[in-house]
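Everything below belongs to structure_33.tsv, which stores TSV, C-alpha atoms.
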```tsv
chain	number	residue	atom	x	y	z
Y	1	MET	CA	0.00	0.00	0.00
Y	2	LYS	CA	2.82	2.36	0.89
Y	3	ARG	CA	4.50	1.76	-2.48
Y	4	PHE	CA	1.12	2.31	-4.21
Y	5	CYS	CA	0.60	5.64	-2.38
Y	6	LEU	CA	4.13	6.76	-3.22
Y	7	LEU	CA	3.57	5.84	-6.87
Y	8	MET	CA	0.26	7.71	-6.99
Y	9	ALA	CA	1.87	10.73	-5.35
Y	10	ALA	CA	4.65	10.71	-7.94
Y	11	LEU	CA	2.14	10.47	-10.79
Y	12	LEU	CA	0.05	13.29	-9.35
Y	13	LEU	CA	3.15	15.44	-8.88
Y	14	SER	CA	4.17	14.74	-12.47
Y	15	ALA	CA	0.70	15.66	-13.74
Y	16	CYS	CA	0.61	18.85	-11.66
Y	17	SER	CA	4.12	19.91	-12.73
Y	18	LYS	CA	3.46	19.46	-16.43
Y	19	ALA	CA	3.28	22.92	-17.96
Y	20	PRO	CA	0.03	23.48	-19.85
Y	21	LEU	CA	-0.42	25.03	-23.29
Y	22	TYR	CA	-3.12	27.69	-23.42
Y	23	GLN	CA	-4.37	28.97	-26.80
Y	24	GLN	CA	-6.91	31.62	-27.69
Y	25	GLU	CA	-8.04	32.82	-31.11
Y	26	SER	CA	-9.86	35.85	-32.44
Y	27	TYR	CA	-10.27	37.87	-35.62
Y	28	VAL	CA	-8.40	41.20	-35.71
Y	29	PHE	CA	-6.84	43.31	-38.49
Y	30	GLY	CA	-9.08	41.45	-40.89
Y	31	THR	CA	-7.26	38.21	-40.19
Y	32	ARG	CA	-7.02	35.28	-37.79
Y	33	VAL	CA	-5.02	35.95	-34.63
Y	34	GLN	CA	-3.81	33.26	-32.24
Y	35	ILE	CA	-1.99	33.60	-28.92
Y	36	SER	CA	-0.31	30.55	-27.39
Y	37	ILE	CA	1.07	30.64	-23.84
Y	38	TRP	CA	3.09	27.86	-22.26
Y	39	GLY	CA	3.66	27.08	-18.63
Y	40	LEU	CA	1.12	29.19	-16.76
Y	41	PRO	CA	-2.10	28.23	-14.98
Y	42	GLU	CA	-5.04	28.51	-17.35
Y	43	ASP	CA	-6.70	31.41	-15.55
Y	44	VAL	CA	-3.47	33.43	-15.56
Y	45	ALA	CA	-2.77	32.68	-19.21
Y	46	GLN	CA	-6.37	33.52	-20.12
Y	47	LYS	CA	-6.13	36.88	-18.34
Y	48	HIS	CA	-2.98	37.89	-20.22
Y	49	ALA	CA	-4.26	36.66	-23.58
Y	50	ALA	CA	-7.46	38.65	-23.06
Y	51	ALA	CA	-5.44	41.78	-22.30
Y	52	VAL	CA	-3.42	41.36	-25.49
Y	53	PHE	CA	-6.55	40.82	-27.60
Y	54	ALA	CA	-8.18	43.90	-26.08
Y	55	ASP	CA	-5.18	46.00	-27.06
Y	56	LEU	CA	-5.10	44.51	-30.56
Y	57	ASP	CA	-8.77	45.40	-31.02
Y	58	ARG	CA	-8.04	48.93	-29.84
Y	59	ILE	CA	-5.08	49.30	-32.22
Y	60	HIS	CA	-7.09	47.94	-35.15
Y	61	THR	CA	-9.86	50.47	-34.51
Y	62	ARG	CA	-7.41	53.36	-34.21
Y	63	LEU	CA	-5.43	52.47	-37.34
Y	64	HIS	CA	-8.24	51.40	-39.67
Y	65	PRO	CA	-7.47	52.89	-43.10
Y	66	TRP	CA	-11.03	53.52	-44.28
Y	67	LEU	CA	-13.53	53.15	-41.42
Y	68	PRO	CA	-13.66	56.11	-38.98
Y	69	SER	CA	-10.40	56.05	-37.01
Y	70	GLU	CA	-7.48	58.15	-35.86
Y	71	ILE	CA	-5.88	57.57	-39.25
Y	72	THR	CA	-8.90	58.68	-41.30
Y	73	ARG	CA	-9.28	61.75	-39.06
Y	74	ILE	CA	-5.64	62.72	-39.64
Y	75	ASN	CA	-5.97	62.07	-43.38
Y	76	ALA	CA	-9.03	64.33	-43.56
Y	77	SER	CA	-7.02	67.13	-41.98
Y	78	PHE	CA	-4.16	66.64	-44.43
Y	79	ALA	CA	-6.56	66.81	-47.39
Y	80	LYS	CA	-7.82	70.19	-46.12
Y	81	GLY	CA	-4.31	71.48	-45.50
Y	82	GLU	CA	-4.85	71.55	-41.75
Y	83	ALA	CA	-2.85	70.26	-38.80
Y	84	ALA	CA	-4.35	67.37	-36.83
Y	85	LEU	CA	-4.19	66.73	-33.11
Y	86	ILE	CA	-2.14	63.62	-32.39
Y	87	ASP	CA	-1.29	61.65	-29.25
Y	88	THR	CA	2.10	60.27	-28.27
Y	89	GLU	CA	1.29	56.71	-29.39
Y	90	THR	CA	0.33	57.72	-32.92
Y	91	THR	CA	3.28	60.13	-33.10
Y	92	ALA	CA	5.68	57.30	-32.26
Y	93	LEU	CA	4.00	55.03	-34.81
Y	94	LEU	CA	4.25	57.55	-37.65
Y	95	LYS	CA	7.84	58.48	-36.81
Y	96	GLN	CA	8.80	54.81	-36.83
Y	97	ALA	CA	7.06	54.40	-40.19
Y	98	SER	CA	8.99	57.42	-41.51
Y	99	GLN	CA	12.28	55.84	-40.46
Y	100	TYR	CA	11.40	52.58	-42.22
Y	101	ALA	CA	10.37	54.50	-45.34
Y	102	ASP	CA	13.82	56.11	-45.48
Y	103	ARG	CA	15.53	52.79	-44.80
Y	104	SER	CA	13.56	51.13	-47.60
Y	105	GLU	CA	14.46	53.81	-50.16
Y	106	GLN	CA	10.76	54.80	-50.10
Y	107	LEU	CA	9.56	51.40	-51.34
Y	108	PHE	CA	7.78	51.02	-48.00
Y	109	ASN	CA	5.58	54.10	-48.23
Y	110	PRO	CA	2.64	54.42	-45.80
Y	111	ALA	CA	1.86	57.88	-47.23
Y	112	MET	CA	0.40	56.44	-50.44
Y	113	GLY	CA	-2.94	55.31	-49.04
Y	114	SER	CA	-4.70	56.94	-52.00
Y	115	LEU	CA	-2.96	54.52	-54.36
Y	116	VAL	CA	-4.05	51.55	-52.28
Y	117	GLU	CA	-7.59	52.93	-52.33
Y	118	ALA	CA	-7.48	53.54	-56.09
Y	119	TRP	CA	-6.73	49.86	-56.62
Y	120	GLY	CA	-9.79	48.92	-54.57
Y	121	PHE	CA	-8.04	47.56	-51.49
Y	122	HIS	CA	-9.77	49.85	-49.01
Y	123	LYS	CA	-12.62	47.39	-48.88
Y	124	ASP	CA	-13.23	44.03	-47.27
Y	125	THR	CA	-13.81	42.45	-50.69
Y	126	TYR	CA	-11.96	43.38	-53.86
Y	127	ALA	CA	-13.70	43.97	-57.16
Y	128	ALA	CA	-11.90	42.86	-60.32
Y	129	VAL	CA	-11.74	46.40	-61.68
Y	130	LEU	CA	-8.61	48.25	-62.83
Y	131	PRO	CA	-8.23	51.93	-61.90
Y	132	LYS	CA	-8.08	54.53	-64.65
Y	133	SER	CA	-4.56	55.24	-65.85
Y	134	GLU	CA	-5.21	58.97	-65.41
Y	135	THR	CA	-6.01	58.41	-61.73
Y	136	ILE	CA	-2.76	56.54	-61.16
Y	137	ALA	CA	-0.77	59.16	-63.07
Y	138	ASP	CA	-2.22	61.99	-60.96
Y	139	LEU	CA	-1.48	60.16	-57.72
Y	140	LEU	CA	2.09	59.42	-58.78
Y	141	ALA	CA	2.63	63.04	-59.77
Y	142	SER	CA	1.66	64.18	-56.27
Y	143	GLN	CA	4.55	62.12	-54.79
Y	144	PRO	CA	3.21	61.60	-51.23
Y	145	ARG	CA	5.94	60.68	-48.75
Y	146	MET	CA	6.27	60.31	-45.02
Y	147	SER	CA	8.92	63.04	-45.14
Y	148	ASP	CA	6.07	65.45	-45.96
Y	149	LEU	CA	4.94	65.19	-42.33
Y	150	THR	CA	5.82	67.75	-39.67
Y	151	PHE	CA	5.34	67.05	-35.97
Y	152	ASP	CA	4.82	70.00	-33.67
Y	153	ALA	CA	4.03	69.43	-30.00
Y	154	ALA	CA	0.57	67.77	-30.06
Y	155	THR	CA	-0.12	68.11	-33.80
Y	156	VAL	CA	0.97	66.68	-37.12
Y	157	SER	CA	0.67	68.40	-40.49
Y	158	SER	CA	1.61	67.64	-44.07
Y	159	SER	CA	3.16	69.95	-46.62
Y	160	ASN	CA	1.56	67.73	-49.26
Y	161	PRO	CA	-2.27	67.44	-49.20
Y	162	ALA	CA	-1.98	64.22	-51.23
Y	163	VAL	CA	-0.54	62.34	-48.24
Y	164	GLN	CA	-3.02	59.74	-47.03
Y	165	ILE	CA	-1.64	57.47	-44.33
Y	166	ASP	CA	-2.19	53.71	-44.55
Y	167	THR	CA	-0.25	51.77	-41.92
Y	168	GLY	CA	-1.29	48.38	-43.28
Y	169	GLY	CA	2.25	47.71	-44.45
Y	170	PHE	CA	3.52	47.25	-40.91
Y	171	ALA	CA	0.60	47.58	-38.46
Y	172	LYS	CA	0.49	43.84	-37.73
Y	173	GLY	CA	4.20	43.75	-36.99
Y	174	TRP	CA	3.97	46.89	-34.86
Y	175	ALA	CA	1.14	45.26	-32.92
Y	176	LEU	CA	3.27	42.14	-32.40
Y	177	ASP	CA	5.89	44.28	-30.65
Y	178	ARG	CA	3.28	45.86	-28.38
Y	179	ALA	CA	1.94	42.43	-27.46
Y	180	ALA	CA	5.44	41.12	-26.76
Y	181	THR	CA	6.23	44.15	-24.59
Y	182	TYR	CA	3.11	43.52	-22.51
Y	183	LEU	CA	3.82	39.81	-22.09
Y	184	ARG	CA	7.45	40.41	-21.09
Y	185	LYS	CA	6.34	43.04	-18.56
Y	186	TYR	CA	4.12	40.51	-16.81
Y	187	ARG	CA	6.70	37.72	-17.06
Y	188	VAL	CA	4.85	35.68	-19.63
Y	189	ASN	CA	8.16	34.38	-20.90
Y	190	ASN	CA	6.96	31.57	-23.18
Y	191	ALA	CA	4.42	32.59	-25.80
Y	192	LEU	CA	3.75	32.68	-29.53
Y	193	ILE	CA	1.79	35.55	-31.07
Y	194	ASN	CA	0.46	34.98	-34.59
Y	195	ILE	CA	-1.30	37.82	-36.39
Y	196	GLY	CA	-2.30	36.45	-39.78
Y	197	GLY	CA	1.07	34.83	-40.43
Y	198	ASN	CA	3.16	37.58	-38.85
Y	199	VAL	CA	4.57	35.74	-35.85
Y	200	LEU	CA	6.75	36.60	-32.84
Y	201	ALA	CA	8.13	34.00	-30.44
Y	202	LEU	CA	8.94	34.39	-26.76
Y	203	GLY	CA	10.91	31.66	-25.03
Y	204	LYS	CA	9.96	28.07	-25.80
Y	205	LYS	CA	7.11	25.59	-25.74
Y	206	ASP	CA	8.22	23.30	-22.94
Y	207	GLN	CA	11.83	22.41	-23.78
Y	208	THR	CA	11.55	22.92	-27.53
Y	209	PRO	CA	11.41	26.05	-29.68
Y	210	TRP	CA	8.15	27.28	-31.16
Y	211	ILE	CA	7.66	25.79	-34.63
Y	212	VAL	CA	5.88	27.84	-37.31
Y	213	GLY	CA	5.04	27.21	-40.94
Y	214	ILE	CA	5.94	29.20	-44.04
Y	215	GLN	CA	2.88	29.39	-46.27
Y	216	HIS	CA	3.05	28.03	-49.81
Y	217	PRO	CA	2.00	30.95	-52.04
Y	218	ARG	CA	0.01	28.82	-54.45
Y	219	GLU	CA	-1.30	25.97	-52.30
Y	220	PRO	CA	-3.35	25.91	-49.06
Y	221	GLN	CA	-0.55	24.47	-46.96
Y	222	ALA	CA	2.83	25.25	-45.46
Y	223	MET	CA	5.83	24.66	-47.70
Y	224	ALA	CA	8.28	24.46	-44.80
Y	225	THR	CA	8.57	24.86	-41.04
Y	226	ILE	CA	11.13	26.64	-38.90
Y	227	ALA	CA	11.95	26.77	-35.20
Y	228	LEU	CA	11.92	30.37	-33.98
Y	229	ARG	CA	14.41	31.56	-31.39
Y	230	ASP	CA	13.45	33.66	-28.39
Y	231	GLY	CA	12.42	37.14	-29.55
Y	232	GLU	CA	12.56	36.42	-33.28
Y	233	ALA	CA	9.73	37.50	-35.58
Y	234	ILE	CA	8.84	36.14	-39.00
Y	235	GLY	CA	6.92	38.07	-41.63
Y	236	THR	CA	5.81	37.38	-45.19
Y	237	SER	CA	4.49	39.52	-48.01
Y	238	GLY	CA	2.88	37.67	-50.88
Y	239	ASP	CA	0.64	38.22	-53.87
Y	240	TYR	CA	-1.74	35.55	-52.54
Y	241	GLN	CA	-2.96	37.45	-49.48
Y	242	ARG	CA	-5.03	40.28	-50.96
Y	243	PHE	CA	-5.52	40.26	-54.71
Y	244	PHE	CA	-7.91	40.07	-57.64
Y	245	GLU	CA	-7.54	38.87	-61.22
Y	246	VAL	CA	-8.43	40.50	-64.52
Y	247	ALA	CA	-7.98	38.63	-67.80
Y	248	GLY	CA	-5.91	35.99	-66.03
Y	249	LYS	CA	-3.46	38.49	-64.51
Y	250	ARG	CA	-3.07	38.78	-60.74
Y	251	TYR	CA	-3.13	42.23	-59.12
Y	252	SER	CA	-2.12	42.30	-55.45
Y	253	HIS	CA	-2.22	45.02	-52.79
Y	254	LEU	CA	1.60	45.27	-52.81
Y	255	ILE	CA	1.98	48.40	-54.91
Y	256	ASP	CA	5.25	49.80	-56.24
Y	257	PRO	CA	5.33	53.51	-55.29
Y	258	ARG	CA	7.50	54.21	-58.36
Y	259	THR	CA	4.95	52.97	-60.89
Y	260	GLY	CA	1.65	52.95	-59.02
Y	261	GLN	CA	1.19	49.36	-60.17
Y	262	PRO	CA	1.04	46.15	-58.12
Y	263	ALA	CA	4.51	44.59	-57.95
Y	264	THR	CA	4.97	41.39	-59.93
Y	265	SER	CA	8.59	40.47	-59.22
Y	266	MET	CA	7.87	37.37	-57.11
Y	267	GLU	CA	5.15	35.33	-55.38
Y	268	ALA	CA	6.31	35.80	-51.79
Y	269	ALA	CA	9.07	37.19	-49.59
Y	270	THR	CA	9.70	35.92	-46.06
Y	271	VAL	CA	12.16	37.33	-43.52
Y	272	ILE	CA	13.11	36.54	-39.94
Y	273	ALA	CA	14.01	39.53	-37.80
Y	274	PRO	CA	16.41	38.93	-34.90
Y	275	ALA	CA	15.27	39.69	-31.38
Y	276	SER	CA	14.78	43.38	-30.65
Y	277	LEU	CA	12.03	45.68	-29.41
Y	278	GLU	CA	11.12	46.28	-33.09
Y	279	ALA	CA	11.45	42.71	-34.38
Y	280	GLY	CA	7.78	42.45	-35.30
Y	281	ALA	CA	7.60	45.77	-37.12
Y	282	ILE	CA	10.86	45.13	-38.98
Y	283	SER	CA	9.73	41.65	-40.06
Y	284	ASP	CA	6.59	43.23	-41.52
Y	285	ALA	CA	7.94	46.41	-43.10
Y	286	ALA	CA	11.13	44.91	-44.55
Y	287	THR	CA	9.26	42.46	-46.75
Y	288	LYS	CA	7.76	45.35	-48.74
Y	289	PRO	CA	10.93	46.67	-50.45
Y	290	ILE	CA	12.17	43.11	-50.89
Y	291	PHE	CA	8.94	42.03	-52.60
Y	292	ILE	CA	8.68	45.16	-54.73
Y	293	ASP	CA	12.29	45.53	-55.89
Y	294	GLY	CA	12.99	42.04	-57.16
Y	295	ILE	CA	15.26	39.11	-56.32
Y	296	GLY	CA	18.44	40.85	-57.47
Y	297	ASN	CA	18.03	43.57	-54.85
Y	298	THR	CA	16.92	41.34	-51.97
Y	299	LEU	CA	20.13	41.24	-49.95
Y	300	ARG	CA	20.68	44.99	-50.24
Y	301	HIS	CA	17.28	45.69	-48.70
Y	302	ALA	CA	17.72	42.95	-46.11
Y	303	LYS	CA	21.03	44.47	-44.99
Y	304	ARG	CA	19.44	47.89	-44.53
Y	305	PHE	CA	17.01	46.31	-42.05
Y	306	GLY	CA	19.66	44.21	-40.30
Y	307	LEU	CA	18.34	40.90	-41.68
Y	308	GLN	CA	20.22	37.75	-42.59
Y	309	ASP	CA	17.42	35.19	-42.92
Y	310	VAL	CA	15.44	35.67	-46.13
Y	311	LEU	CA	13.42	33.36	-48.39
Y	312	ILE	CA	12.00	34.32	-51.78
Y	313	VAL	CA	9.51	32.38	-53.92
Y	314	GLY	CA	9.96	33.39	-57.55
Y	315	ASN	CA	7.20	33.62	-60.11
Y	316	ASP	CA	8.07	30.15	-61.41
Y	317	GLY	CA	7.92	28.60	-57.93
Y	318	SER	CA	11.69	28.48	-57.48
Y	319	VAL	CA	12.96	29.30	-54.01
Y	320	TYR	CA	15.87	31.60	-53.24
Y	321	VAL	CA	17.14	31.42	-49.67
Y	322	THR	CA	20.07	32.64	-47.59
Y	323	ALA	CA	22.50	29.99	-46.33
Y	324	ASP	CA	21.73	30.41	-42.63
Y	325	LEU	CA	17.99	30.17	-43.17
Y	326	GLN	CA	18.28	27.15	-45.44
Y	327	ARG	CA	20.00	25.24	-42.65
Y	328	ARG	CA	17.09	25.99	-40.31
Y	329	LEU	CA	14.26	24.92	-42.63
Y	330	THR	CA	12.37	21.64	-42.59
Y	331	TRP	CA	10.73	21.21	-45.98
Y	332	LEU	CA	7.19	19.85	-46.14
Y	333	LYS	CA	6.78	20.48	-49.86
Y	334	PRO	CA	10.24	21.01	-51.34
Y	335	PRO	CA	10.38	23.25	-54.41
Y	336	VAL	CA	11.76	21.86	-57.65
Y	337	HIS	CA	14.57	24.42	-57.63
Y	338	ILE	CA	16.33	25.97	-54.62
Y	339	TYR	CA	18.97	28.65	-55.16
Y	340	ARG	CA	21.29	30.40	-52.72
Y	341	LEU	CA	20.71	34.09	-52.16
Y	342	ARG	CA	24.13	35.69	-52.29
```
I need this file expressed as structure tokens, please.
Amino acid sequence: MKRFCLLMAALLLSACSKAPLYQQESYVFGTRVQISIWGLPEDVAQKHAAAVFADLDRIHTRLHPWLPSEITRINASFAKGEAALIDTETTALLKQASQYADRSEQLFNPAMGSLVEAWGFHKDTYAAVLPKSETIADLLASQPRMSDLTFDAATVSSSNPAVQIDTGGFAKGWALDRAATYLRKYRVNNALINIGGNVLALGKKDQTPWIVGIQHPREPQAMATIALRDGEAIGTSGDYQRFFEVAGKRYSHLIDPRTGQPATSMEAATVIAPASLEAGAISDAATKPIFIDGIGNTLRHAKRFGLQDVLIVGNDGSVYVTADLQRRLTWLKPPVHIYRLR
């Protein structure tokens, strides 16, 4: 009996000491969001996940590019040539976006919301209708840039009335960083935050790293998986996320600011940003110049954002990948051709 009691006690202790996995899902930023937390009691994990989701909902409402929001209010002021009141959070966001725009050689350009709207992507569903060439030409001629903004105490103004802010190019990544900051503050050291494929990892899941998939751009499945290190963030831009087709040609929301046309240089660009307080935002914003400017310019743009791990899917399905990242990948659906990015 004594041995039986000792055995039962050991089993109960083992069961109690096993760290649980808590997961919660919602729909924010027009996409599926999942938070996974390892190693905390369910009620504690649930409380922190709920706090993160509440903040994500708040951010989404504030940054919405076409429904009434802080962004649309500021844009309305710019269009009238007026300064807009702005709080410290939005000021920091726009200044960070301005820095990334400069770093990307203006290929990441949140000031060109009017171009995104002209292509029909300021809607929940996208009509297969091409904008008039005259409309695109006029918008290009106005040359809206983040450098047109001036911050003065509690206001922001634009020297160019054509500036219309759309933070969609890095809002999900920026939100990842806010979520990670909250979780770290409250010592939630092991978590995975996934905002529509933009993912940031904290710590581990039990004794193993968090494993995430890299979406195949033409099939409804992951093409590979990768183990993320503590603090790393992974982001992808692809022509399969928001697009429509006309006469068999695909038009995505990833628009080249130089031409006003959707970029067609590749199917997808994935990067992994090393751990930092801006890992999420960098992993999101950096994919824009890489996707837009073509495979030959990939490493130049990656270097400007401090990135070493990059994977490109070309228009023929071939994969181009940096050496370090290739060693970390586990292929689920290997491409026919894999080339080294160098």
> So what do you get for atom CA of Y:Thr287 versus atom CA of Y:Ala302, distance-wise?
Replying inline: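 Separation of atom CA of Y:Thr287 and atom CA of Y:Ala302: 8.5 Å.
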>> Which residues are near Y:Ala101? Cut-off 9 Å, only C-alpha atoms, ignore same chain within fewer than 3 positions. Put them as an MDAnalysis selection string.
In response: chainID Y and resid 96:98 104:110 145:147 285
>> Can you tell me which residues surround Y:Ile338 at a distance of at most 7 Å, considering only C-alpha atoms, apart from same-chain residues fewer than 4 positions away, and format the answer as an NGL selection string?
In response: :Y and (318-320)
>> I want to know what sits within 10 Å of stretch 236-249 of chain Y, based on only C-alpha atoms, with residues of the same chain fewer than 6 positions away left out; could you give that as a PyMOL selection string?
In response: chain Y and resi 119-121+124-130+169+196-199+214-219+262-272+283-292+310-313
> atom CA of Y:Gly280 to atom CA of Y:Ala233: how many Å, to one decimal?
Replying inline: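 Value for the atom CA of Y:Gly280-atom CA of Y:Ala233 distance: 5.3 Å.
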Could you give me, as a tab-separated table, a per-residue list for stretch 169-215 of chain Y showing, wherever an atom lies at most 10 Å from an atom of stretch 48-60 of chain Y, the closest pair of atoms and their distance in Å to one decimal, using all atoms listed in the file and sorting by chain then residue number from low to high?
```
residue	atom	partner	partner_atom	distance
Y:Ala171	CA	Y:His60	CA	8.4
Y:Lys172	CA	Y:His60	CA	9.0
Y:Trp174	CA	Y:Ile59	CA	9.7
Y:Ala175	CA	Y:Leu56	CA	6.7
Y:Leu176	CA	Y:Leu56	CA	8.9
Y:Arg178	CA	Y:Asp55	CA	8.6
Y:Ala179	CA	Y:Val52	CA	5.8
Y:Ala180	CA	Y:Val52	CA	9.0
Y:Tyr182	CA	Y:Val52	CA	7.5
Y:Leu183	CA	Y:His48	CA	7.3
Y:Tyr186	CA	Y:His48	CA	8.3
Y:Val188	CA	Y:His48	CA	8.2
Y:Ala191	CA	Y:Ala49	CA	9.8
Y:Ile193	CA	Y:Val52	CA	9.6
Y:Ile195	CA	Y:Leu56	CA	9.7
```
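The closest residue to Y:Asp293, picked from Y:Leu21, Y:Leu94, Y:Ile255, Y:Ala141 and counting all atoms listed in the file, is Y:Ile255.
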> What does the distance between atom CA of Y:Gln143 and atom CA of Y:Ala162 come to in Å, to one decimal place?
Replying inline: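 Taking atom CA of Y:Gln143 as the start and atom CA of Y:Ala162 as the end point, the length is 7.7 Å.
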>> Taking (15.3, 31.9, -41.9) in the coordinates of the supplied file, I want to know which residues reach to within 9 Å of it, counting all atoms listed in the file; could you give the answer as a PyMOL selection string?
In response: chain Y and resi 226+228+234+270-273+308-311+321-329
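Take the candidates Y:Leu192, Y:Ile282, Y:Leu341, Y:Met223 and check each one against Y:Val33 using only C-alpha atoms; the shortest distance goes to Y:Leu192.
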> Between Y:Ala92, Y:Ala45, Y:Leu40, Y:Leu277, which has the minimum distance to Y:Gln24 (counting only C-alpha atoms)?
Replying inline: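 Of Y:Ala92, Y:Ala45, Y:Leu40, Y:Leu277, the one nearest Y:Gln24, counting only C-alpha atoms, is Y:Ala45.
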>> Neighbouring residues of Y:Asn194 were defined as those with any atom within 9 Å, considering all atoms listed in the file; residues of the same chain fewer than 6 positions away were excluded. Please report them as JSON, numbers by chain.
In response: {"Y": [32, 33, 34, 35, 36, 176, 200, 201]}
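With distances restricted to only C-alpha atoms, Y:Arg187 is the closest residue to Y:Ile37 from Y:Lys132, Y:Arg187, Y:Arg103, Y:Arg62.
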> Nearest to Y:Gln46 among Y:Gln23, Y:Thr31, Y:Ser77, Y:Ser159, with distances taken over all atoms listed in the file: which residue is it?
Replying inline: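 Among the listed residues, Y:Gln23 lies closest to Y:Gln46.
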